[in-house]
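Listing of model-v8.csv; format and content: CSV, C-alpha atoms.
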```csv
chain,number,residue,atom,x,y,z
A,1,MET,CA,115.6,146.0,218.6
A,2,THR,CA,113.1,144.1,220.7
A,3,PRO,CA,111.0,141.2,219.2
A,4,ASN,CA,107.3,141.4,219.6
A,5,SER,CA,104.2,139.3,219.1
A,6,GLN,CA,104.7,139.5,215.4
A,7,THR,CA,108.1,137.9,215.6
A,8,ILE,CA,108.6,135.0,213.2
A,9,LYS,CA,111.1,132.3,214.2
A,10,THR,CA,113.0,130.3,211.6
A,11,ASP,CA,116.2,128.3,211.3
A,12,ILE,CA,117.5,129.9,208.1
A,13,LEU,CA,116.3,133.2,206.6
A,14,LEU,CA,117.3,134.0,203.0
A,15,VAL,CA,117.2,137.6,201.9
A,16,GLY,CA,116.3,137.7,198.2
A,17,ALA,CA,114.2,135.3,196.1
A,18,GLY,CA,115.6,135.8,192.6
A,19,VAL,CA,116.8,132.8,190.7
A,20,ILE,CA,119.9,132.4,193.0
A,21,GLY,CA,117.9,132.7,196.2
A,22,SER,CA,115.3,130.3,194.9
A,23,GLY,CA,118.1,127.9,193.9
A,24,VAL,CA,119.7,128.0,197.4
A,25,ALA,CA,116.3,127.6,199.0
A,26,MET,CA,115.5,124.5,196.9
A,27,HIS,CA,118.7,122.7,197.8
A,28,LEU,CA,118.4,123.7,201.4
A,29,GLY,CA,115.0,122.2,201.5
A,30,GLN,CA,115.9,119.1,199.6
A,31,LEU,CA,119.1,118.4,201.6
A,32,GLY,CA,117.8,119.5,205.0
A,33,ARG,CA,114.2,118.3,204.8
A,34,PRO,CA,113.0,121.0,207.2
A,35,ALA,CA,109.7,121.4,208.9
A,36,PRO,CA,107.5,124.0,207.2
A,37,GLY,CA,108.8,127.4,208.1
A,38,ASP,CA,112.2,126.3,209.2
A,39,ILE,CA,113.6,127.9,206.0
A,40,ARG,CA,112.1,131.2,204.9
A,41,VAL,CA,112.8,133.5,202.0
A,42,ILE,CA,111.9,137.2,202.1
A,43,ASP,CA,111.7,139.4,199.0
A,44,PHE,CA,110.0,142.7,198.3
A,45,ASP,CA,109.3,141.8,194.7
A,46,LEU,CA,108.5,138.1,194.7
A,47,GLU,CA,106.9,138.1,191.2
A,48,GLY,CA,110.1,139.6,190.0
A,49,SER,CA,108.8,142.3,187.6
A,50,LEU,CA,111.9,144.3,188.3
A,51,SER,CA,114.3,141.6,189.2
A,52,SER,CA,117.5,140.6,187.4
A,53,SER,CA,116.1,137.1,187.1
A,54,GLU,CA,113.3,138.4,184.8
A,55,LEU,CA,115.0,141.3,182.9
A,56,ASN,CA,117.8,139.4,181.3
A,57,ALA,CA,118.5,137.9,177.9
A,58,GLY,CA,117.7,134.3,178.8
A,59,GLY,CA,121.0,132.8,177.7
A,60,VAL,CA,122.8,129.8,179.4
A,61,ARG,CA,126.4,128.8,178.5
A,62,GLY,CA,129.4,126.9,179.6
A,63,THR,CA,131.8,129.1,177.6
A,64,TRP,CA,133.6,130.8,180.5
A,65,SER,CA,137.2,131.7,181.1
A,66,GLN,CA,137.3,130.4,184.7
A,67,PRO,CA,137.1,126.6,185.2
A,68,VAL,CA,134.9,127.0,188.3
A,69,ASN,CA,132.4,129.0,186.2
A,70,VAL,CA,132.4,126.4,183.5
A,71,LYS,CA,131.8,123.6,186.0
A,72,MET,CA,128.9,125.4,187.7
A,73,ALA,CA,127.4,126.2,184.3
A,74,ARG,CA,127.8,122.5,183.2
A,75,LEU,CA,126.0,121.2,186.3
A,76,THR,CA,123.2,123.8,185.9
A,77,ILE,CA,122.7,123.2,182.2
A,78,ASP,CA,122.6,119.5,182.7
A,79,TRP,CA,119.8,120.1,185.2
A,80,LEU,CA,118.0,122.5,182.8
A,81,ALA,CA,118.2,119.9,180.1
A,82,GLU,CA,116.6,117.3,182.4
A,83,ASN,CA,113.8,119.8,183.0
A,84,ALA,CA,113.8,121.3,179.5
A,85,GLU,CA,110.0,121.8,179.1
A,86,ALA,CA,109.5,123.6,182.4
A,87,ALA,CA,112.7,125.6,182.0
A,88,GLY,CA,112.3,126.4,178.3
A,89,TYR,CA,115.8,125.1,177.6
A,90,ARG,CA,116.9,124.8,174.0
A,91,ASP,CA,120.4,123.9,173.0
A,92,VAL,CA,120.7,126.3,170.1
A,93,GLY,CA,124.2,127.3,171.0
A,94,TYR,CA,126.3,130.4,171.7
A,95,LEU,CA,128.5,131.7,168.9
A,96,TRP,CA,131.4,134.1,169.7
A,97,LEU,CA,132.8,136.0,166.8
A,98,LYS,CA,136.6,136.5,167.1
A,99,THR,CA,139.2,138.8,165.5
A,100,PRO,CA,142.8,137.7,164.8
A,101,GLU,CA,143.7,139.5,168.0
A,102,SER,CA,141.1,137.8,170.2
A,103,MET,CA,141.2,134.3,168.7
A,104,PRO,CA,144.4,133.0,170.4
A,105,ALA,CA,143.1,133.7,173.9
A,106,ALA,CA,139.8,132.2,172.9
A,107,LEU,CA,141.4,129.0,171.8
A,108,VAL,CA,143.3,128.7,175.2
A,109,GLU,CA,139.9,129.2,177.0
A,110,ARG,CA,138.3,126.6,174.7
A,111,ASP,CA,140.9,124.1,175.9
A,112,ARG,CA,140.1,124.9,179.5
A,113,GLN,CA,136.4,124.5,178.8
A,114,ILE,CA,136.9,121.1,177.2
A,115,GLU,CA,139.1,120.0,180.1
A,116,SER,CA,136.2,121.1,182.4
A,117,GLY,CA,133.8,118.8,180.5
A,118,TRP,CA,132.1,121.3,178.2
A,119,PRO,CA,132.1,120.8,174.4
A,120,VAL,CA,133.3,123.8,172.4
A,121,GLU,CA,134.1,124.1,168.7
A,122,ALA,CA,136.5,126.4,166.9
A,123,TRP,CA,135.4,127.6,163.4
A,124,ASP,CA,137.4,129.3,160.7
A,125,VAL,CA,135.7,132.0,158.6
A,126,ALA,CA,134.7,129.5,155.9
A,127,GLU,CA,132.9,127.4,158.4
A,128,LEU,CA,131.3,130.4,159.9
A,129,LYS,CA,129.9,131.5,156.5
A,130,LYS,CA,128.6,128.0,155.9
A,131,ARG,CA,126.9,127.7,159.2
A,132,VAL,CA,125.6,131.2,159.6
A,133,PRO,CA,125.4,132.6,156.0
A,134,PHE,CA,123.7,135.9,156.9
A,135,ILE,CA,126.9,137.0,158.6
A,136,ASP,CA,128.5,138.3,155.4
A,137,LYS,CA,130.9,141.1,156.6
A,138,THR,CA,133.8,139.0,157.9
A,139,ALA,CA,136.9,140.9,156.8
A,140,ASP,CA,137.9,141.6,160.4
A,141,LEU,CA,137.3,138.1,161.6
A,142,ALA,CA,139.6,135.1,162.2
A,143,GLY,CA,136.6,132.8,163.0
A,144,ALA,CA,134.3,131.9,165.8
A,145,ILE,CA,134.0,129.8,169.0
A,146,PHE,CA,130.8,127.8,169.2
A,147,GLY,CA,129.3,126.0,172.2
A,148,PRO,CA,126.7,123.5,170.9
A,149,ARG,CA,125.2,122.8,174.3
A,150,ASP,CA,124.9,126.4,175.2
A,151,GLY,CA,121.5,127.8,174.6
A,152,LEU,CA,118.4,129.7,175.7
A,153,VAL,CA,115.9,129.3,178.5
A,154,ASN,CA,112.8,131.0,179.9
A,155,PRO,CA,114.2,132.7,183.0
A,156,ASN,CA,110.8,132.9,184.6
A,157,GLY,CA,110.2,129.2,184.1
A,158,VAL,CA,113.6,128.4,185.7
A,159,LYS,CA,112.9,130.5,188.7
A,160,ASN,CA,109.4,129.1,189.2
A,161,LEU,CA,110.6,125.6,188.9
A,162,LEU,CA,113.2,126.2,191.6
A,163,ARG,CA,110.6,127.8,193.8
A,164,GLU,CA,108.0,125.0,193.2
A,165,ARG,CA,110.5,122.4,194.4
A,166,ALA,CA,111.6,124.6,197.3
A,167,ARG,CA,108.0,124.9,198.5
A,168,ALA,CA,107.5,121.2,198.1
A,169,SER,CA,110.4,120.7,200.5
A,170,GLY,CA,108.9,123.0,203.2
A,171,VAL,CA,110.4,126.3,202.3
A,172,VAL,CA,108.2,129.4,202.8
A,173,PHE,CA,108.4,132.5,200.7
A,174,ASP,CA,107.3,135.8,202.2
A,175,ASP,CA,106.4,138.5,199.6
A,176,ARG,CA,106.6,142.3,199.9
A,177,SER,CA,109.2,142.0,202.7
A,178,LEU,CA,112.2,144.4,202.9
A,179,LEU,CA,115.1,144.0,205.3
A,180,LYS,CA,115.7,147.2,207.2
A,181,ALA,CA,117.9,146.3,210.3
A,182,ALA,CA,119.6,143.4,211.9
A,183,GLU,CA,121.5,142.5,215.1
A,184,ARG,CA,122.8,139.5,216.8
A,185,ASP,CA,120.5,138.1,219.5
A,186,GLU,CA,121.5,136.6,222.9
A,187,SER,CA,121.6,133.0,221.4
A,188,GLY,CA,124.1,134.0,218.8
A,189,GLY,CA,121.5,134.1,216.0
A,190,TRP,CA,119.9,137.0,214.3
A,191,LEU,CA,117.1,139.4,215.1
A,192,LEU,CA,116.0,141.1,211.9
A,193,LYS,CA,113.6,144.0,211.4
A,194,VAL,CA,111.6,143.7,208.2
A,195,GLU,CA,109.1,146.1,206.6
A,196,ARG,CA,106.1,144.3,205.1
A,197,TYR,CA,104.2,146.1,202.4
A,198,PRO,CA,100.7,145.3,201.1
A,199,ALA,CA,100.3,142.7,198.5
A,200,GLN,CA,98.7,145.2,196.1
A,201,ILE,CA,101.1,148.1,195.5
A,202,SER,CA,101.3,150.5,192.5
A,203,ASP,CA,104.1,150.3,190.0
A,204,SER,CA,105.4,153.7,191.0
A,205,ASP,CA,105.6,152.7,194.7
A,206,ARG,CA,107.2,149.4,193.8
A,207,LEU,CA,109.8,151.2,191.7
A,208,ALA,CA,110.4,153.8,194.4
A,209,VAL,CA,111.1,151.1,197.1
A,210,LEU,CA,113.4,149.1,194.9
A,211,SER,CA,115.3,152.2,193.8
A,212,GLY,CA,115.8,153.4,197.3
A,213,GLY,CA,113.3,156.3,197.0
A,214,GLN,CA,110.2,157.2,199.0
A,215,SER,CA,106.9,155.3,198.7
A,216,SER,CA,103.5,156.6,199.5
A,217,VAL,CA,102.7,153.3,201.3
A,218,THR,CA,103.3,152.8,205.0
A,219,PRO,CA,104.6,149.3,205.7
A,220,GLN,CA,104.0,147.1,208.7
A,221,THR,CA,107.0,146.2,210.9
A,222,VAL,CA,107.7,142.4,211.3
A,223,TYR,CA,110.6,140.8,213.2
A,224,TYR,CA,112.3,137.6,212.3
A,225,GLN,CA,114.5,135.5,214.6
A,226,ALA,CA,116.9,133.3,212.6
A,227,LYS,CA,119.8,131.1,213.5
A,228,ARG,CA,121.4,131.8,210.1
A,229,VAL,CA,121.0,134.4,207.4
A,230,VAL,CA,121.8,134.2,203.7
A,231,ASN,CA,122.4,137.3,201.6
A,232,CYS,CA,121.0,136.4,198.1
A,233,ALA,CA,119.9,140.0,197.4
A,234,GLY,CA,121.4,140.4,193.9
A,235,PRO,CA,121.8,144.0,193.0
A,236,TRP,CA,120.9,145.0,196.6
A,237,ALA,CA,123.6,142.6,198.1
A,238,ALA,CA,126.0,145.4,199.2
A,239,GLY,CA,123.1,147.1,201.1
A,240,VAL,CA,122.1,143.9,202.8
A,241,ALA,CA,125.7,143.3,203.7
A,242,LYS,CA,125.9,146.6,205.4
A,243,ILE,CA,122.7,145.9,207.3
A,244,LEU,CA,124.2,142.6,208.5
A,245,GLY,CA,127.3,144.4,209.6
A,246,TYR,CA,130.0,143.8,207.0
A,247,GLU,CA,131.2,145.5,203.9
A,248,SER,CA,131.0,144.0,200.4
A,249,PRO,CA,132.8,145.6,197.4
A,250,VAL,CA,130.1,144.5,194.9
A,251,TYR,CA,127.8,147.0,193.2
A,252,PRO,CA,124.7,147.2,190.9
A,253,THR,CA,124.8,148.7,187.4
A,254,ARG,CA,122.2,149.1,184.7
A,255,ARG,CA,122.1,146.9,181.6
A,256,GLN,CA,119.8,147.7,178.6
A,257,ILE,CA,118.2,145.3,176.2
A,258,SER,CA,116.4,146.2,172.9
A,259,VAL,CA,113.9,144.1,170.9
A,260,PHE,CA,113.7,144.8,167.1
A,261,ASP,CA,112.4,143.5,163.8
A,262,SER,CA,114.8,142.6,161.1
A,263,ARG,CA,113.0,142.8,157.7
A,264,GLY,CA,115.8,141.2,155.8
A,265,LEU,CA,116.1,138.1,158.1
A,266,GLU,CA,112.9,136.0,157.8
A,267,SER,CA,112.0,133.5,160.6
A,268,PRO,CA,115.4,133.8,162.3
A,269,LYS,CA,116.7,130.4,163.6
A,270,PHE,CA,119.9,130.6,165.6
A,271,GLY,CA,121.1,130.8,169.1
A,272,MET,CA,123.0,133.6,170.9
A,273,ILE,CA,125.6,135.4,168.8
A,274,VAL,CA,128.2,137.6,170.5
A,275,ASP,CA,129.7,140.1,168.1
A,276,THR,CA,133.3,141.5,168.4
A,277,SER,CA,131.7,144.9,169.3
A,278,GLY,CA,130.2,143.3,172.4
A,279,VAL,CA,126.6,143.4,171.1
A,280,TYR,CA,124.9,140.1,171.7
A,281,PHE,CA,121.6,139.0,170.1
A,282,HIS,CA,119.3,136.0,169.6
A,283,PRO,CA,115.8,135.4,168.2
A,284,GLU,CA,112.9,136.3,170.5
A,285,ALA,CA,109.6,134.9,169.1
A,286,THR,CA,109.3,136.7,165.7
A,287,HIS,CA,111.7,139.5,166.7
A,288,ILE,CA,115.4,139.7,167.7
A,289,LEU,CA,116.6,140.6,171.2
A,290,ALA,CA,119.9,142.4,171.6
A,291,GLY,CA,121.9,143.9,174.4
A,292,PHE,CA,125.2,145.8,175.0
A,293,ALA,CA,127.1,146.5,178.2
A,294,ASN,CA,128.2,150.1,178.5
A,295,ASN,CA,131.3,149.8,180.7
A,296,ASN,CA,131.0,153.6,181.5
A,297,GLU,CA,127.6,153.1,183.1
A,298,PRO,CA,127.5,154.6,186.6
A,299,HIS,CA,127.0,152.3,189.5
A,300,GLY,CA,123.5,152.3,191.1
A,301,ILE,CA,120.0,151.0,190.6
A,302,ARG,CA,118.4,152.4,187.5
A,303,TYR,CA,115.4,151.2,185.5
A,304,ASP,CA,115.1,153.9,182.9
A,305,TYR,CA,115.5,152.7,179.3
A,306,ASP,CA,117.2,155.0,176.8
A,307,GLY,CA,114.9,153.9,174.0
A,308,GLU,CA,115.6,154.3,170.3
A,309,GLY,CA,118.7,156.4,170.9
A,310,PHE,CA,120.3,153.5,172.7
A,311,PHE,CA,119.1,151.0,170.1
A,312,THR,CA,120.4,153.1,167.1
A,313,GLU,CA,123.8,153.9,168.6
A,314,SER,CA,124.7,150.8,170.5
A,315,ILE,CA,122.8,148.0,168.7
A,316,TRP,CA,121.9,148.9,165.1
A,317,ALA,CA,125.2,150.5,164.1
A,318,PRO,CA,127.5,147.5,165.1
A,319,LEU,CA,125.0,145.0,163.7
A,320,TYR,CA,124.9,146.7,160.3
A,321,GLU,CA,128.7,146.5,160.3
A,322,ARG,CA,128.4,142.8,160.7
A,323,ALA,CA,125.6,141.7,158.3
A,324,SER,CA,123.8,143.3,155.3
A,325,VAL,CA,120.5,141.9,156.5
A,326,PHE,CA,120.6,144.3,159.4
A,327,GLU,CA,120.5,147.4,157.2
A,328,ASN,CA,116.8,148.0,157.9
A,329,LEU,CA,115.9,147.4,161.5
A,330,LYS,CA,112.8,148.5,163.3
A,331,HIS,CA,113.0,149.2,167.1
A,332,VAL,CA,110.1,147.6,168.9
A,333,THR,CA,110.7,147.9,172.6
A,334,GLY,CA,113.3,147.5,175.3
A,335,TRP,CA,114.0,147.7,179.0
A,336,ALA,CA,116.7,148.2,181.6
A,337,GLY,CA,117.6,145.7,184.3
A,338,GLN,CA,120.4,145.3,186.8
A,339,TYR,CA,123.7,143.5,186.8
A,340,GLU,CA,125.3,142.7,190.2
A,341,VAL,CA,129.0,143.0,189.7
A,342,SER,CA,132.0,141.9,191.9
A,343,PRO,CA,135.5,143.3,191.4
A,344,ASP,CA,136.6,140.2,189.4
A,345,GLU,CA,133.2,139.6,187.8
A,346,SER,CA,132.8,136.2,189.3
A,347,ALA,CA,130.1,135.4,191.9
A,348,VAL,CA,130.5,135.6,195.7
A,349,ILE,CA,129.5,132.3,197.4
A,350,GLY,CA,130.2,131.0,200.9
A,351,GLU,CA,130.3,132.0,204.5
A,352,VAL,CA,130.8,135.7,205.2
A,353,SER,CA,134.4,136.3,206.2
A,354,ALA,CA,135.1,139.9,207.3
A,355,PRO,CA,137.2,141.5,210.0
A,356,GLY,CA,135.4,141.2,213.4
A,357,PHE,CA,132.5,139.5,211.8
A,358,HIS,CA,131.1,136.3,213.4
A,359,VAL,CA,129.8,133.2,211.7
A,360,ARG,CA,126.1,132.3,210.9
A,361,ALA,CA,125.9,134.5,207.8
A,362,PHE,CA,126.3,133.3,204.3
A,363,GLU,CA,126.1,134.8,200.8
A,364,ALA,CA,125.4,134.0,197.2
A,365,HIS,CA,125.3,137.0,194.9
A,366,SER,CA,127.1,139.1,192.3
A,367,PHE,CA,126.7,136.8,189.3
A,368,SER,CA,127.2,139.6,186.8
A,369,GLY,CA,124.3,138.5,184.5
A,370,HIS,CA,125.0,134.7,184.8
A,371,GLY,CA,122.7,133.8,187.7
A,372,VAL,CA,120.3,131.8,185.6
A,373,MET,CA,123.0,129.7,184.2
A,374,HIS,CA,124.7,129.1,187.6
A,375,ALA,CA,121.6,129.0,189.9
A,376,TYR,CA,121.3,125.2,190.3
A,377,ALA,CA,125.0,124.6,191.0
A,378,ALA,CA,125.5,127.7,193.2
A,379,GLY,CA,122.5,126.7,195.2
A,380,LEU,CA,123.7,123.2,195.7
A,381,ALA,CA,127.2,124.3,196.6
A,382,LEU,CA,126.0,126.7,199.3
A,383,ALA,CA,123.4,124.3,200.7
A,384,GLU,CA,126.1,121.6,201.1
A,385,LEU,CA,128.4,124.1,202.8
A,386,MET,CA,125.7,125.2,205.2
A,387,LEU,CA,124.2,121.7,206.0
A,388,LYS,CA,127.2,119.4,205.5
A,389,GLY,CA,129.9,121.7,206.5
A,390,ARG,CA,131.9,121.5,203.3
A,391,TYR,CA,131.6,121.5,199.5
A,392,LEU,CA,130.9,118.1,198.1
A,393,THR,CA,129.6,118.3,194.5
A,394,ILE,CA,131.5,121.3,193.3
A,395,ASP,CA,134.3,123.2,195.2
A,396,ALA,CA,133.3,126.9,195.3
A,397,GLY,CA,135.8,127.8,198.0
A,398,MET,CA,137.7,130.1,195.7
A,399,LEU,CA,134.5,132.2,195.3
A,400,SER,CA,134.4,133.2,199.0
A,401,GLY,CA,134.1,137.0,199.5
A,402,ALA,CA,137.4,136.7,201.5
A,403,ARG,CA,139.3,136.7,198.2
A,404,PHE,CA,138.9,140.5,197.8
A,405,ALA,CA,141.0,141.2,200.9
A,406,THR,CA,143.7,138.7,200.0
A,407,GLY,CA,143.9,139.5,196.3
A,408,ALA,CA,143.1,135.9,195.2
A,409,LEU,CA,140.8,137.1,192.5
A,410,VAL,CA,138.9,134.8,190.1
A,411,ARG,CA,138.9,137.2,187.2
A,412,GLU,CA,136.2,136.2,184.7
A,413,THR,CA,136.7,137.7,181.2
A,414,ALA,CA,133.8,136.1,179.3
A,415,ILE,CA,131.3,138.7,180.4
A,416,ILE,CA,128.8,140.3,178.1
```

Taking this structure as input, can you express it in the form of structure tokens?
Amino acid sequence: MTPNSQTIKTDILLVGAGVIGSGVAMHLGQLGRPAPGDIRVIDFDLEGSLSSSELNAGGVRGTWSQPVNVKMARLTIDWLAENAEAAGYRDVGYLWLKTPESMPAALVERDRQIESGWPVEAWDVAELKKRVPFIDKTADLAGAIFGPRDGLVNPNGVKNLLRERARASGVVFDDRSLLKAAERDESGGWLLKVERYPAQISDSDRLAVLSGGQSSVTPQTVYYQAKRVVNCAGPWAAGVAKILGYESPVYPTRRQISVFDSRGLESPKFGMIVDTSGVYFHPEATHILAGFANNNEPHGIRYDYDGEGFFTESIWAPLYERASVFENLKHVTGWAGQYEVSPDESAVIGEVSAPGFHVRAFEAHSFSGHGVMHAYAAGLALAELMLKGRYLTIDAGMLSGARFATGALVRETAII
């Protein structure tokens, strides 16, 4: 590739402006105090209409099985609580229902969570019935685990807050920009070829581009020269890695969410509840939002929602087995979004480490649905590594992508 008159020079280029990319950008800006344009972020879908940051359930929690994930969530939720109005944070809790088989391991995890500074309660069935009386089918339960500081947020509000503060620190966001090719330049930095699409683009063309299909729009070619590149591309992270010249074992997969009316449960007031079936649900305005992860879902970017069939089979049937009030449910709407999944279902954060690969590339992706609840801490960790040379606030060294080659996995089991 040869740069031309349209080449944009920058110190750091982030690829991906979802909640993670925006979090990294904010901390890079605040720690580095760059001149305007020294840190830039490119994204094809800046408004995020099809991003994982938007199409998620809006939960935040510190109830994780891995201490590093608990600590990152704790730091992020503390920040969300400080900015509760802008982020829409409400500490309404997460409630995990447990069977006699799953409760012992949950209690071990609870001890780790408490050791990591996160409050977690264990309830027996009597306490569960007292606190959440509409859950009346409990014969298979041993009790529940409750995180009182866990809760719900407005994902769009969180992302916009991160971006607002990033821009205030001199970070520039470039919309409708899609990375297509990259090579190392003579100075040891990067020359990157980017396709720039018009600001106004149809829904069908936007979906085609994000799904790897053909668009009817002809983009403009723009080049970037950057000293360092950061892969924050979420479900597209493996593709960006390949463009940058290394392999990543992460992959995208579809997750579906349904919204429904429950006529037997007036004015629902509770936080996120995770059933033993894997169905999770919480109030969403006057409705209830619920999701379920199909572990047999094929890998790849898909945005088609299976509609009432998915709702009836995967959501309604398990919920009716849990509570009589869910006998008559009315499907309202739903959607499909993307999870970005690593082999151990923990995130990938750090400097790229791959055979024959040189420095000056970093990554923060594959949060498996927990990007919103880790964005502040993950962004701070990577910004400290890039600008200070080491982790200072929270040690994310174990989350380096190098772990997949060495087998030092950080296997996270509290995934929904």

### Query
Using all atoms listed in the file, which of the listed residues (A:Val229, A:Thr221, A:Ala166, A:Ile415) sits closest to Lys193 (chain A)?
A:Thr221

### Task
Work out how far CA of Thr99 (chain A) is from CA of Gly143 (chain A), in Å to one decimal.
7.0 Å

### Task
Step by step: start from the point (118.9, 129.1, 175.4) in the file's coordinates, keep every protein, DNA or RNA residue that has an atom no farther than 6 Å from it, count all atoms listed in the file, and write the set as a list in words.
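Nearby residues: Gly59, Val60, Tyr89, Arg90, Asp91, Gly151, Leu152 and Val153 of chain A.
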
### Between CA of Asp45 (chain A) and CA of Glu351 (chain A) - distance in Å to one decimal
25.2 Å

### Task
Would you please work out which residue, of A:Gly18, A:Gly239, A:Gly369, A:Gly62, is nearest to Phe146 (chain A) when using all atoms listed in the file?
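Using all atoms listed in the file, the shortest distance to Phe146 (chain A) belongs to A:Gly62.
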
### Task
Please provide as a ChimeraX atom specification all residues within 12 Å of region 169-173 of chain A, with the sequence filter that same-chain residues fewer than 4 positions apart are discarded (counting only C-alpha atoms).
/A:8,10-18,21-47,162-165,177

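Look at Gly157 (chain A): the protein and nucleic acid residues within 8 Å of it, using all atoms listed in the file and passing over chain neighbours fewer than 5 places away, are Ala86, Ala87 and Gly88 of chain A.
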
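Among A:Leu380, A:Phe260, A:Tyr303, A:Ala285, the residue with the shortest atom-to-atom distance to Lys330 (chain A), counting only C-alpha atoms, is A:Phe260.
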
### Message
Just checking: using only C-alpha atoms, which residue out of A:Ala57, A:Ala383, A:Gly350, A:Val120 ends up closest to Val259 (chain A)?
### Response
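Smallest separation from Val259 (chain A) among the options: A:Ala57.
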
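Residues in contact with Pro133 (chain A) at up to 12 Å, not including ones fewer than 4 positions away on its chain and judged by all atoms listed in the file, are Val125, Ala126, Glu127, Leu128, Lys129, Lys137, Thr138, Leu265, Pro268, Lys269, Phe270, Arg322, Ala323, Ser324 and Val325 of chain A.
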
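Straight-line separation from CA of Leu75 (chain A) to CA of His370 (chain A): 13.6 Å.
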
### Summary
Nearest to Ala375 (chain A), restricted to only C-alpha atoms and choosing among A:Thr76, A:Ser248, A:Ser314, A:Gln66, comes out as A:Thr76

Region 301-318 of chain A rebuilt with N, CA and C atoms, output as a short mmCIF file (atom, residue, chain, number, x, y, z; two decimals), in the frame of the given file:
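Result written to selection_28.cif:
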```cif
data_model
loop_
_atom_site.label_atom_id
_atom_site.label_comp_id
_atom_site.auth_asym_id
_atom_site.auth_seq_id
_atom_site.Cartn_x
_atom_site.Cartn_y
_atom_site.Cartn_z
N ILE A 301 121.19 151.57 191.14
CA ILE A 301 120.00 151.00 190.60
C ILE A 301 119.25 151.98 189.71
N ARG A 302 119.10 151.61 188.44
CA ARG A 302 118.40 152.40 187.50
C ARG A 302 117.54 151.54 186.58
N TYR A 303 116.29 151.96 186.34
CA TYR A 303 115.40 151.20 185.50
C TYR A 303 114.95 151.95 184.24
N ASP A 304 115.48 153.15 184.03
CA ASP A 304 115.10 153.90 182.90
C ASP A 304 115.79 153.36 181.62
N TYR A 305 115.03 153.20 180.54
CA TYR A 305 115.50 152.70 179.30
C TYR A 305 115.73 153.85 178.32
N ASP A 306 116.86 153.91 177.65
CA ASP A 306 117.20 155.00 176.80
C ASP A 306 116.57 154.99 175.42
N GLY A 307 115.75 153.97 175.18
CA GLY A 307 114.90 153.90 174.00
C GLY A 307 115.63 153.82 172.68
N GLU A 308 115.05 154.46 171.68
CA GLU A 308 115.60 154.30 170.30
C GLU A 308 116.96 154.86 170.16
N GLY A 309 117.32 155.84 170.98
CA GLY A 309 118.70 156.40 170.90
C GLY A 309 119.71 155.31 171.26
N PHE A 310 119.45 154.57 172.34
CA PHE A 310 120.30 153.50 172.70
C PHE A 310 120.37 152.41 171.62
N PHE A 311 119.20 152.05 171.11
CA PHE A 311 119.10 151.00 170.10
C PHE A 311 119.93 151.44 168.83
N THR A 312 119.74 152.66 168.36
CA THR A 312 120.40 153.10 167.10
C THR A 312 121.91 153.15 167.27
N GLU A 313 122.37 153.71 168.38
CA GLU A 313 123.80 153.90 168.60
C GLU A 313 124.52 152.61 168.97
N SER A 314 123.95 151.89 169.94
CA SER A 314 124.70 150.80 170.50
C SER A 314 124.35 149.42 169.91
N ILE A 315 123.18 149.28 169.27
CA ILE A 315 122.80 148.00 168.70
C ILE A 315 122.80 148.01 167.18
N TRP A 316 122.04 148.93 166.58
CA TRP A 316 121.90 148.90 165.10
C TRP A 316 123.26 149.14 164.41
N ALA A 317 124.00 150.14 164.85
CA ALA A 317 125.20 150.50 164.10
C ALA A 317 126.22 149.33 164.10
N PRO A 318 126.53 148.65 165.22
CA PRO A 318 127.50 147.50 165.10
C PRO A 318 126.89 146.33 164.33
#
```
